[in-house]
Amino acid sequence: MLCRAALSPLVHSPGRCFVLSPHAITAISRLYLPRHNQRLRNESIRCWSNIPFITMPLSRAHGKSFAHRSELKHAKRIVVKLGSAVVTRGDECGLALGRLASIVEQVSMLQNQGREMMIVTSGAVAFGKQRLRHEILLSQSVRQALHSGQSQLKDMAIPVLEARACAAAGQSGLMALYEAMFTQYSICAAQILVTNLDFHDEQKRRNLNGTLHELLRMNIVPIINTNDAVVPPPEPNSDLQGVISVKDNDSLAARLAVEMKTDLLIVLSDVEGLFDSPPGSDDAKLIDIFYPGDQQSVTFGTKSRVGMGGMEAKVKAALWALQGGTSVVIANGTHPKISGHVITDIVEGKKVGTFFSEVKPAGPTVEQQGEMARAGGRTLAALQPEQRAEIIYRLADLLTDQREEILLANKKDLEEAENKGRLALPLLKRLSLSTSKLNSLAIGLRQIAASSQDSVGRVIRRTRIAKDLDLEQVTVPIGVLLVIFESRPDCLPQVCKEGRKEAAHSNQILHHLTQEALSIHGVKDAVQLVNTREEVEDLCRLDKLIDLIIPRGSSQLVRNIQKAAKGIPVMGHSEGICHVYVDTDASVEKVTRIIRDSKCEYPAACNALETLLIHRDLLRTPLFDQIIDMLRVEQVKIHAGPKFASYLTFSPSEVKSLRTEYGDLECCIEVVDSVHEAVEHIHKYGSSHTDVIITENEKTAEFFLQHVDSACVFWNASTRFSDGYRFGLGAEVGISTSRIHARGPVGIEGLLTTKWLLRGDNHVVSDFSEHGSMKYLHESLPLPQRNTN
C-alpha cells in the first residue's frame with residue numbers, strides 16, 4: 001500500500017522524471033497494474049501523456065535490419081545516441097541548451113506518433129564541471145578577497161577537475177533539464193545509470209532489459225547514461241580534462257539497441273557522417289551508404305574535440321549493431337542548419353548522414369551515376385562534330401526502326417496507369433506516345449544532327465589582345481543535366497537523364513536505344529536513367545556533379561524540384577498561364593481558329609490557352625457568340641472572371657483564382673476595357689510564358705508585342721507555337737520563364753555556355769604596365785566561316 005500511495009501523484013502528473021533501479025520498475029508496475037487484467041495494463045500505458053498522438057502501424061519482425069533508407073519510416077523502436085560534442089558547448093563546459101531543446105522536440109514528436117524512443121546521452125560531466133567551476137571560483141574569490149586583496153583575483157587558477165566528481169555533481173542537473181524540456185510536450189522521462197558490469201552480470205542484464213521494456217510500455221522515454229561517478233577515469237588527455245568520455249557511450253548505445261531489439265540507432269556526432277578519408281581533407285567524400293567489409297576503403301582521422309571514441313569506434317559499434325539486426329545512421333547533430341530536424345529527417349528516410357546497410361544495390365548509386373555521366377559527357381564533348389552527328393542520326397533511325405517495340409512498351413505504361421488510377425487525365429495524355437510523336441522526334445533529332453557540327457566549339461568572338469596574344473570565346477556544353485520529366489517519355493530522346501515510374505516501360509526501351517546510339521563511339525555512360533523519387537531527391541543535392549536541372553511536367557513538379565535543389569540552378573517555369581487577348585479589331589475568321597487551336601489541340605501542354613481576355617465592346621456581338629458556341633462544341637468548361645460575371649445574369653461558375661493553370665478542357669474568360677488593361681492583367685496574373693493578341697490593328701499589335709513582358713509574345717498566332725521544334729530548334733528540352741541564360745523554348749543553344757581560350761607567347765601582365773614594353777590592342781578579329789551545309 002505504501003508503494004501504491006507513493007506512486008499515485010506521479011501517475012497523474014505528466015512530465016515527471018523518474019530515477020528507477022532495475023528492480024523497482026517491475027515491482028511498481030505489478031502493484032499498480034494487476035496481472036489478471038492484461039488488457040487494462042496495455043490500454044493504460046498509452047494514457048500517460050496528455051497530448052493525443054497518432055498510433056502508427058509500425059510493427060515489424062525484428063531480426064533483420066532495413067535494407068534501404070526509405071524503409072526507416074517503419075521504425076518502431078529507436079535509440080538516439082547523443083555524443084559529447086552534440087550535448088556540450090564549444091568550450092566543453094556546460095550544455096548546448098538550444099541544440100538539446102531541439103533534439104528533445106524531435107524525440108517528443110516521434111514519441112507522440114506512437115514510436116518507442118530511447119536516448120543514450122552524454123553531458124553529466126560537462127554540466128557538473130560548469131557547476132564545480134562556479135563553486136571553486138566563488139570560494140577562491142571570497143578567500144583571496146579576504147587575505148590578498150582584489151588585485152590577486154585575476155591570478156586565480158582553476159584546478160583540474162576529476163571527471164567522476166563532475167559526473168556526480170552533474171547527473172541531477174542534467175536530468176532536471178531533460179525533465180523540464182520533456183514536460184513541455186507532456187512526456188515522462190526516466191533516468192537509468194549503467195556501467196559495463198551491468199552487462200556482464202546476467203541477472204543485472206535481465207533486470208535492465210525488464211526495466212526498459214516496462215518504461216516503454218508506459219510511454220516513458222528512458223534516458224540512459226554511463227554512471228561516470230563510479231567508472232574508472234579516462235586516460236589523461238589535455239582535451240578531456242573534466243569532459244565525459246564518449247568511448248563507452250558508442251558501445252553502450254549499440255549494445256542497448258541490440259538487447260532491446262531496436263529497429264533504428266541514430267548516432268549524432270559533430271561530423272556529417274562517415275567519410276572515405278578524414279573530414280576536411282581535399283578528397284574527402286561523405287559515404288552515403290556503408291556496407292560491412294568496406295572498412296578497408298576508409299581512412300580514419302583523429303577523434304572529435306571531445307570524447308575518446310572517435311569515428312572508428314562509432315563505425316565498430318554501428319557494424320556490431322547492424323549485425324544484431326538494428327539499422328544505424330551516423331549524422332551531424334551540431335550543424336545549426338540541420339540539427340533542428342536531423343532526427344525526423346532520418347526517420348522519414350531522407351538522405352542524411354551515413355546509412356549502414358547489409359544489402360548492396362544491384363546497380364550503381366546515384367553518385368556513381370553522376371560521376372559516370374560527368375566522365376561520359378566530357379568524352380562526348382571531345383568527339384569530332386561528325387561523330388556527334390553520327391550518334392544523333394543513329395538515334396533518329398532507331399526511333400523509326402523500333403517504333404512498334406516503343407509503342408508496345410508505352411501501351412503497357414498506359415494500361416498500368418489506368419488500372420491503378422493514379423494519374424489525372426492531363427498526365428495520361430502526356431504519357432501517351434504515338435506514331436506521329438515518334439516521327440516528330442526523329443525529324444527533330446535529324447535537325448539537331450544537321451546543326452550539331454556548328455554548335456559545340458563554335459567561335460563567337462575573337463580579339464587580339466596584343467601582338468601574338470589572341471583571345472577566343474567558344475561554345476561548350478553546360479555540363480551534366482538532370483532532366484526530370486513527369487509522365488513524358490517523349491522527352492527522353494531529346495535530353496536523356498531521368499524518367500518517372502509511370503513511364504517505366506517506355507523509359508527503359510528509349511534509354512536502351514539512346515545508349516545503343518551512344519555506344520558507336522564508346523560514350524554510352526553519358527546518359528543515365530533513374531526512376532524513383534528518392535533517387536531524384538538525392539540527385540538534387542549533388543551540386544558537385546549536376547550542373548543544371550530541367551524539370552518537365554506540371555507546375556507542382558517544377559516547384560517541388562526548385563525546393564529540393566541544393567545549390568543547383570533550375571531552368572523552367574512554375575506555371576504556364578497563357579493568355580489570348582481578342583481586340584476590337586480582331587478578324588472574325590481568325591479568332592475561333594486561333595482560340596480553338598490554343599485551347600483544344602493539346603490542353604495538357606504548358607503552352608495551352610488558360611485565360612481568354614475579351615474586349616468589353618465585343619460582348620453581345622456575333623463574334624462573341626461564335627467564340628462561346630465553339631468552346632461549347634469542344635466541351636470546354638468556362639469559368640467567369642469577376643468582371644465578366646458582372647455582365648451576365650446567369651453566368652458560369654466564377655473563377656476561384658485568375659492565376660490558374662487548368663491543363664484540361666477548361667478556361668477562364670475575363671473582360672478588359674483596352675489593350676492597356678489586357679497588358680496589366682497579363683502582368684498581374686500571368687506566368688511570363690506565352691501571350692497572344694488577335695487584332696488587325698498593327699499599331700495595337702506592336703504595342704502589345706513591345707509591352708508584354710513574357711518569354712513568348714505572338715500576334716495572330718496560336719499559343720501552341722511556343723515550342724522548340726516549331727521554332728526550328730530541332731528539339732525542346734524545356735521552356736524557361738527566367739531572365740538569366742535561356743528564355744522561352746530552349747533548344748540546343750540554350751544548353752551551351754562558353755569558355756575563353758587565350759593563346760600567347762611568353763606574355764606576362766607586367767609587360768603591360770606603365771613602363772612596360774607592350775601595349776593592349778583589343779582588336780576585333782573576323783570569325784571563322786560557319787559550316788552551312
# chains A, B, ... in the order shown; residues from 1 in each chain; ligands from 1
>>> residues_around(residues="Arg632 (chain A)", least_positions_apart="4", cutoff="12 Å", atoms="only C-alpha atoms", output="list of chain:residue names")
A:Arg596, A:Cys600, A:Asp625, A:Gln626, A:Ile627, A:Ile628, A:Val636, A:Lys637, A:Ile638, A:Leu665, A:Glu666, A:Cys667
>>> closest_residue(among="A:Arg743, A:Lys64, A:Arg430, A:Arg461", to="Gln473 (chain A)", atoms="only C-alpha atoms")
A:Arg461
>>> select_by_dssp(residues="region 447-562 of chain A", states="strand (DSSP E or B)", output="PyMOL selection string")
chain A and resi 459-466+469-477+481-485+498-499+548-552
>>> write_last_selection(atoms="N, CA, C and O atoms", output="CSV table (one decimal), in the first residue's frame")
chain,number,residue,atom,x,y,z
A,459,VAL,N,33.2,29.3,-82.5
A,459,VAL,CA,33.9,30.6,-82.0
A,459,VAL,C,32.9,31.7,-82.2
A,459,VAL,O,32.4,32.0,-83.3
A,460,ILE,N,32.6,32.4,-81.2
A,460,ILE,CA,31.6,33.5,-81.2
A,460,ILE,C,32.3,34.9,-81.1
A,460,ILE,O,31.6,35.9,-81.3
A,461,ARG,N,33.5,34.9,-80.7
A,461,ARG,CA,34.2,36.2,-80.5
A,461,ARG,C,35.7,35.9,-80.6
A,461,ARG,O,36.3,35.0,-80.0
A,462,ARG,N,36.4,36.8,-81.4
A,462,ARG,CA,37.9,36.7,-81.4
A,462,ARG,C,38.4,38.1,-81.2
A,462,ARG,O,37.9,39.1,-81.8
A,463,THR,N,39.4,38.2,-80.4
A,463,THR,CA,40.0,39.5,-80.0
A,463,THR,C,41.5,39.4,-80.0
A,463,THR,O,42.1,38.5,-79.3
A,464,ARG,N,42.2,40.3,-80.6
A,464,ARG,CA,43.7,40.4,-80.5
A,464,ARG,C,44.0,41.3,-79.3
A,464,ARG,O,43.9,42.5,-79.4
A,465,ILE,N,44.4,40.7,-78.2
A,465,ILE,CA,44.8,41.5,-77.0
A,465,ILE,C,46.0,42.3,-77.2
A,465,ILE,O,46.1,43.5,-76.9
A,466,ALA,N,47.0,41.7,-77.8
A,466,ALA,CA,48.3,42.3,-78.1
A,466,ALA,C,49.0,41.5,-79.2
A,466,ALA,O,48.4,40.5,-79.7
A,469,LEU,N,49.1,37.6,-79.1
A,469,LEU,CA,48.2,37.3,-77.9
A,469,LEU,C,46.8,37.4,-78.4
A,469,LEU,O,46.2,38.5,-78.3
A,470,ASP,N,46.2,36.2,-78.8
A,470,ASP,CA,44.8,36.2,-79.3
A,470,ASP,C,43.9,35.5,-78.4
A,470,ASP,O,44.2,34.4,-77.8
A,471,LEU,N,42.7,36.1,-78.2
A,471,LEU,CA,41.6,35.5,-77.3
A,471,LEU,C,40.4,35.1,-78.1
A,471,LEU,O,40.0,35.8,-79.1
A,472,GLU,N,39.9,33.9,-77.8
A,472,GLU,CA,38.7,33.4,-78.4
A,472,GLU,C,37.7,33.0,-77.4
A,472,GLU,O,38.0,32.5,-76.3
A,473,GLN,N,36.4,33.3,-77.7
A,473,GLN,CA,35.3,32.8,-76.9
A,473,GLN,C,34.6,31.7,-77.7
A,473,GLN,O,34.1,32.0,-78.8
A,474,VAL,N,34.5,30.5,-77.1
A,474,VAL,CA,33.9,29.4,-77.9
A,474,VAL,C,32.8,28.7,-77.1
A,474,VAL,O,32.8,28.8,-75.8
A,475,THR,N,31.9,28.1,-77.7
A,475,THR,CA,30.8,27.4,-77.1
A,475,THR,C,31.2,26.0,-76.6
A,475,THR,O,31.9,25.3,-77.2
A,476,VAL,N,30.7,25.7,-75.4
A,476,VAL,CA,30.9,24.4,-74.8
A,476,VAL,C,29.6,24.0,-74.1
A,476,VAL,O,28.7,24.8,-73.8
A,477,PRO,N,29.4,22.7,-73.9
A,477,PRO,CA,28.2,22.2,-73.1
A,477,PRO,C,28.2,22.7,-71.7
A,477,PRO,O,29.3,22.9,-71.1
A,481,LEU,N,23.3,17.4,-67.1
A,481,LEU,CA,21.9,17.9,-66.9
A,481,LEU,C,21.1,16.8,-66.2
A,481,LEU,O,21.3,15.6,-66.5
A,482,LEU,N,20.3,17.3,-65.2
A,482,LEU,CA,19.4,16.4,-64.6
A,482,LEU,C,18.0,16.8,-65.1
A,482,LEU,O,17.5,17.9,-64.8
A,483,VAL,N,17.5,16.0,-66.0
A,483,VAL,CA,16.2,16.3,-66.6
A,483,VAL,C,15.1,15.4,-66.0
A,483,VAL,O,15.2,14.2,-66.1
A,484,ILE,N,14.2,16.0,-65.4
A,484,ILE,CA,13.1,15.2,-64.6
A,484,ILE,C,11.8,15.5,-65.4
A,484,ILE,O,11.3,16.6,-65.4
A,485,PHE,N,11.3,14.4,-65.9
A,485,PHE,CA,10.0,14.6,-66.7
A,485,PHE,C,8.9,13.7,-66.1
A,485,PHE,O,9.1,12.6,-65.7
A,498,GLU,N,16.5,11.4,-66.7
A,498,GLU,CA,15.6,10.8,-65.6
A,498,GLU,C,14.2,10.7,-66.0
A,498,GLU,O,13.7,11.7,-66.6
A,499,GLY,N,13.5,9.6,-65.7
A,499,GLY,CA,12.1,9.5,-66.1
A,499,GLY,C,11.3,9.0,-64.9
A,499,GLY,O,11.9,8.3,-64.0
A,548,LEU,N,22.9,21.6,-64.1
A,548,LEU,CA,21.6,22.2,-64.3
A,548,LEU,C,20.5,21.2,-64.2
A,548,LEU,O,20.6,20.1,-64.7
A,549,ILE,N,19.4,21.6,-63.6
A,549,ILE,CA,18.2,20.8,-63.5
A,549,ILE,C,17.1,21.3,-64.4
A,549,ILE,O,16.8,22.5,-64.4
A,550,ILE,N,16.5,20.5,-65.2
A,550,ILE,CA,15.4,20.9,-66.1
A,550,ILE,C,14.2,20.0,-65.8
A,550,ILE,O,14.1,18.9,-66.2
A,551,PRO,N,13.2,20.5,-65.1
A,551,PRO,CA,12.0,19.7,-64.8
A,551,PRO,C,11.0,19.9,-66.0
A,551,PRO,O,10.8,21.0,-66.4
A,552,ARG,N,10.4,18.8,-66.4
A,552,ARG,CA,9.4,18.8,-67.5
A,552,ARG,C,8.2,18.2,-66.9
A,552,ARG,O,8.1,17.0,-66.7
>>> residues_around(residues="Met117 (chain A)", least_positions_apart="4", cutoff="10 Å", atoms="only C-alpha atoms", output="count of residues only")
18
